[in-house]
Amino acid sequence: MTNNDFLRRLRYALNLKDNVTVQIFKKGGLTVTKEDVVNYLKKDIDEGFKKLSNADLMSFLDGLITFKRGEKKEESPAPKIKITKNNLNNILLRKLRIALAFKSYDMIEVFKLGGVDISEAELNALFRSEDHRNYKECGDKYIRVFLKGLIEYCRD
């Protein structure tokens, strides 16, 4: 799944309008225009398509956390996480969990709504650090199922 697909599905699930999406990017420290957002949401075969980089997507998710939960009161900066091809989906899932203030049972419910039964141990393995022995890589299937369940969870 591409970053643009992720943004498109998340935006639909949370029912975010273009101007709100621009504000969220701004809260994440990235200045984009409404036209940029529209171009991010286009399919890659459409004219004007603009590829969303990993750094821009992380800025959006950081902005979503701030938008949903408020400004951080601590002065210490958030730890920098090295993004690799293998851990990108795990980071996306972790940031969504923080932004939406989900507990484990909420995450499990969303996965069930998406069509996958996941145990709490499996869920916790997705949130572990890469060097932990019980770490499990989050594949595209889990992200798709989670976003599908999130649509059911948030829009019904």
# chains A, B, ... in the order shown; residues from 1 in each chain; ligands from 1
>>> select_by_dssp(residues="chain A", states="helix (DSSP H, G or I)", output="number ranges by chain")
A: 3-14, 18-27, 34-41, 54-69, 88-99, 104-114, 120-126, 140-155
>>> residues_around(residues="Lys148 in chain A", least_positions_apart="3", cutoff="6 Å", atoms="only C-alpha atoms", output="VMD selection string")
chain A and resid 114 145 151
>>> write_last_selection(atoms="N, CA, C and O atoms", output="mmCIF file, in the first residue's frame")
data_model
loop_
_atom_site.group_PDB
_atom_site.id
_atom_site.type_symbol
_atom_site.label_atom_id
_atom_site.label_comp_id
_atom_site.auth_asym_id
_atom_site.auth_seq_id
_atom_site.Cartn_x
_atom_site.Cartn_y
_atom_site.Cartn_z
ATOM 1 N N GLY A 114 -12.902 -5.077 10.589
ATOM 2 C CA GLY A 114 -12.238 -5.199 9.293
ATOM 3 C C GLY A 114 -12.203 -6.620 8.773
ATOM 4 O O GLY A 114 -11.873 -6.846 7.611
ATOM 5 N N VAL A 145 -6.844 -3.948 6.549
ATOM 6 C CA VAL A 145 -7.934 -4.451 7.394
ATOM 7 C C VAL A 145 -8.252 -3.444 8.492
ATOM 8 O O VAL A 145 -9.422 -3.185 8.783
ATOM 9 N N ILE A 151 -13.180 2.491 9.182
ATOM 10 C CA ILE A 151 -14.302 3.093 8.472
ATOM 11 C C ILE A 151 -15.612 2.671 9.121
ATOM 12 O O ILE A 151 -16.493 3.499 9.381
#
>>> residues_around(residues="Leu10 in chain A", least_positions_apart="6", cutoff="10 Å", atoms="only C-alpha atoms", output="list in words")
Asn4, Leu16, Leu96, Phe146, Leu147, Lys148, Leu150 and Ile151 of chain A
>>> residues_around(residues="range 88-94 of chain A", least_positions_apart="6", cutoff="7 Å", atoms="only C-alpha atoms", output="PDB file with all heavy atoms, in the first residue's frame")
ATOM      1  N   LEU A 126       2.987  -6.241  17.369  1.00  0.00           N
ATOM      2  CA  LEU A 126       3.080  -5.221  16.326  1.00  0.00           C
ATOM      3  C   LEU A 126       3.642  -3.908  16.858  1.00  0.00           C
ATOM      4  O   LEU A 126       4.172  -3.105  16.097  1.00  0.00           O
ATOM      5  CB  LEU A 126       1.703  -4.968  15.701  1.00  0.00           C
ATOM      6  CG  LEU A 126       1.052  -6.133  14.974  1.00  0.00           C
ATOM      7  CD1 LEU A 126      -0.364  -5.769  14.549  1.00  0.00           C
ATOM      8  CD2 LEU A 126       1.884  -6.560  13.782  1.00  0.00           C
ATOM      9  N   PHE A 127       3.530  -3.685  18.172  1.00  0.00           N
ATOM     10  CA  PHE A 127       3.970  -2.428  18.765  1.00  0.00           C
ATOM     11  C   PHE A 127       5.332  -2.520  19.450  1.00  0.00           C
ATOM     12  O   PHE A 127       5.812  -1.549  20.001  1.00  0.00           O
ATOM     13  CB  PHE A 127       2.927  -1.915  19.769  1.00  0.00           C
ATOM     14  CG  PHE A 127       1.624  -1.573  19.120  1.00  0.00           C
ATOM     15  CD1 PHE A 127       0.471  -2.276  19.427  1.00  0.00           C
ATOM     16  CD2 PHE A 127       1.545  -0.568  18.179  1.00  0.00           C
ATOM     17  CE1 PHE A 127      -0.732  -1.970  18.815  1.00  0.00           C
ATOM     18  CE2 PHE A 127       0.348  -0.255  17.559  1.00  0.00           C
ATOM     19  CZ  PHE A 127      -0.789  -0.964  17.881  1.00  0.00           C
ATOM     20  N   GLU A 137       6.366  -7.990  12.196  1.00  0.00           N
ATOM     21  CA  GLU A 137       6.229  -6.966  11.167  1.00  0.00           C
ATOM     22  C   GLU A 137       4.767  -6.858  10.751  1.00  0.00           C
ATOM     23  O   GLU A 137       4.085  -7.853  10.543  1.00  0.00           O
ATOM     24  CB  GLU A 137       7.092  -7.333   9.965  1.00  0.00           C
ATOM     25  CG  GLU A 137       7.140  -6.259   8.921  1.00  0.00           C
ATOM     26  CD  GLU A 137       8.048  -6.647   7.771  1.00  0.00           C
ATOM     27  OE1 GLU A 137       9.140  -7.165   8.025  1.00  0.00           O
ATOM     28  OE2 GLU A 137       7.628  -6.418   6.617  1.00  0.00           O
ATOM     29  N   CYS A 138       4.296  -5.633  10.650  1.00  0.00           N
ATOM     30  CA  CYS A 138       2.921  -5.368  10.246  1.00  0.00           C
ATOM     31  C   CYS A 138       2.878  -5.262   8.729  1.00  0.00           C
ATOM     32  O   CYS A 138       3.420  -4.327   8.158  1.00  0.00           O
ATOM     33  CB  CYS A 138       2.432  -4.077  10.886  1.00  0.00           C
ATOM     34  SG  CYS A 138       0.741  -3.643  10.496  1.00  0.00           S
ATOM     35  N   GLY A 139       2.245  -6.198   8.100  1.00  0.00           N
ATOM     36  CA  GLY A 139       2.156  -6.189   6.646  1.00  0.00           C
ATOM     37  C   GLY A 139       1.059  -5.262   6.149  1.00  0.00           C
ATOM     38  O   GLY A 139       0.259  -4.728   6.924  1.00  0.00           O
ATOM     39  N   ILE A 143      -2.735  -3.319   7.733  1.00  0.00           N
ATOM     40  CA  ILE A 143      -3.084  -1.900   7.605  1.00  0.00           C
ATOM     41  C   ILE A 143      -4.401  -1.755   6.843  1.00  0.00           C
ATOM     42  O   ILE A 143      -5.275  -0.979   7.232  1.00  0.00           O
ATOM     43  CB  ILE A 143      -1.948  -1.122   6.899  1.00  0.00           C
ATOM     44  CG1 ILE A 143      -0.728  -1.044   7.798  1.00  0.00           C
ATOM     45  CG2 ILE A 143      -2.399   0.271   6.513  1.00  0.00           C
ATOM     46  CD1 ILE A 143      -0.906  -0.220   9.048  1.00  0.00           C
TER      47      ILE A 143
END
>>> residues_around(residues="Asn134 in chain A", least_positions_apart="2", cutoff="12 Å", atoms="only C-alpha atoms", output="list of chain:residue names")
A:Ala121, A:Glu122, A:Leu123, A:Asn124, A:Ala125, A:Leu126, A:Phe127, A:Arg128, A:Ser129, A:Glu130, A:Asp131, A:His132, A:Lys136, A:Glu137
>>> write_last_selection(atoms="all heavy atoms", output="compact mmCIF listing (two decimals), in the first residue's frame")
# COMPACT_ATOMS: atom_id res chain seq x y z
N ALA A 121 -1.95 -10.65 22.28
CA ALA A 121 -0.51 -10.93 22.16
C ALA A 121 -0.01 -10.58 20.76
O ALA A 121 1.08 -10.00 20.61
CB ALA A 121 -0.24 -12.40 22.47
N GLU A 122 -0.78 -10.92 19.74
CA GLU A 122 -0.40 -10.58 18.37
C GLU A 122 -0.37 -9.06 18.19
O GLU A 122 0.53 -8.52 17.54
CB GLU A 122 -1.39 -11.16 17.36
CG GLU A 122 -1.29 -12.64 17.14
CD GLU A 122 -2.36 -13.13 16.19
OE1 GLU A 122 -3.54 -13.08 16.57
OE2 GLU A 122 -2.00 -13.54 15.06
N LEU A 123 -1.35 -8.38 18.75
CA LEU A 123 -1.42 -6.92 18.66
C LEU A 123 -0.20 -6.28 19.33
O LEU A 123 0.43 -5.40 18.77
CB LEU A 123 -2.71 -6.41 19.29
CG LEU A 123 -2.94 -4.92 19.23
CD1 LEU A 123 -3.11 -4.45 17.79
CD2 LEU A 123 -4.16 -4.54 20.04
N ASN A 124 0.14 -6.77 20.52
CA ASN A 124 1.29 -6.22 21.24
C ASN A 124 2.59 -6.45 20.48
O ASN A 124 3.50 -5.62 20.54
CB ASN A 124 1.38 -6.81 22.65
CG ASN A 124 0.28 -6.30 23.56
OD1 ASN A 124 -0.25 -5.21 23.34
ND2 ASN A 124 -0.07 -7.07 24.56
N ALA A 125 2.68 -7.56 19.76
CA ALA A 125 3.88 -7.85 18.98
C ALA A 125 4.08 -6.82 17.87
O ALA A 125 5.21 -6.53 17.48
CB ALA A 125 3.80 -9.26 18.39
N LEU A 126 2.99 -6.24 17.37
CA LEU A 126 3.08 -5.22 16.33
C LEU A 126 3.64 -3.91 16.86
O LEU A 126 4.17 -3.11 16.10
CB LEU A 126 1.70 -4.97 15.70
CG LEU A 126 1.05 -6.13 14.97
CD1 LEU A 126 -0.36 -5.77 14.55
CD2 LEU A 126 1.88 -6.56 13.78
N PHE A 127 3.53 -3.68 18.17
CA PHE A 127 3.97 -2.43 18.77
C PHE A 127 5.33 -2.52 19.45
O PHE A 127 5.81 -1.55 20.00
CB PHE A 127 2.93 -1.91 19.77
CG PHE A 127 1.62 -1.57 19.12
CD1 PHE A 127 0.47 -2.28 19.43
CD2 PHE A 127 1.54 -0.57 18.18
CE1 PHE A 127 -0.73 -1.97 18.81
CE2 PHE A 127 0.35 -0.26 17.56
CZ PHE A 127 -0.79 -0.96 17.88
N ARG A 128 5.95 -3.66 19.41
CA ARG A 128 7.28 -3.84 20.02
C ARG A 128 8.36 -3.22 19.14
O ARG A 128 8.16 -3.00 17.96
CB ARG A 128 7.57 -5.31 20.24
CG ARG A 128 6.55 -5.98 21.16
CD ARG A 128 7.16 -7.13 21.87
NE ARG A 128 6.20 -7.82 22.70
CZ ARG A 128 5.95 -7.51 23.96
NH1 ARG A 128 6.58 -6.51 24.52
NH2 ARG A 128 5.08 -8.20 24.66
N SER A 129 9.53 -3.01 19.73
CA SER A 129 10.66 -2.49 18.94
C SER A 129 11.20 -3.62 18.06
O SER A 129 11.04 -4.80 18.38
CB SER A 129 11.74 -1.94 19.86
OG SER A 129 12.32 -2.98 20.61
N GLU A 130 11.86 -3.23 16.99
CA GLU A 130 12.32 -4.20 16.00
C GLU A 130 13.32 -5.20 16.56
O GLU A 130 13.40 -6.33 16.08
CB GLU A 130 12.98 -3.48 14.82
CG GLU A 130 11.99 -2.97 13.82
CD GLU A 130 12.69 -2.46 12.58
OE1 GLU A 130 13.12 -1.30 12.59
OE2 GLU A 130 12.79 -3.22 11.61
N ASP A 131 14.07 -4.82 17.57
CA ASP A 131 15.07 -5.74 18.10
C ASP A 131 14.51 -6.66 19.19
O ASP A 131 15.23 -7.52 19.70
CB ASP A 131 16.28 -4.96 18.63
CG ASP A 131 15.90 -3.92 19.66
OD1 ASP A 131 14.71 -3.63 19.82
OD2 ASP A 131 16.83 -3.37 20.31
N HIS A 132 13.24 -6.54 19.53
CA HIS A 132 12.62 -7.41 20.53
C HIS A 132 12.35 -8.78 19.91
O HIS A 132 12.00 -8.89 18.73
CB HIS A 132 11.30 -6.78 21.03
CG HIS A 132 10.77 -7.43 22.25
ND1 HIS A 132 10.04 -8.59 22.20
CD2 HIS A 132 10.86 -7.08 23.55
CE1 HIS A 132 9.69 -8.94 23.44
NE2 HIS A 132 10.18 -8.03 24.27
N LYS A 136 6.73 -8.40 15.61
CA LYS A 136 6.10 -8.92 14.40
C LYS A 136 5.93 -7.77 13.42
O LYS A 136 5.41 -6.72 13.78
CB LYS A 136 4.74 -9.54 14.72
CG LYS A 136 4.06 -10.15 13.53
CD LYS A 136 2.74 -10.80 13.90
CE LYS A 136 2.09 -11.38 12.68
NZ LYS A 136 0.78 -11.95 12.98
N GLU A 137 6.37 -7.99 12.20
CA GLU A 137 6.23 -6.97 11.17
C GLU A 137 4.77 -6.86 10.75
O GLU A 137 4.09 -7.85 10.54
CB GLU A 137 7.09 -7.33 9.96
CG GLU A 137 7.14 -6.26 8.92
CD GLU A 137 8.05 -6.65 7.77
OE1 GLU A 137 9.14 -7.16 8.02
OE2 GLU A 137 7.63 -6.42 6.62
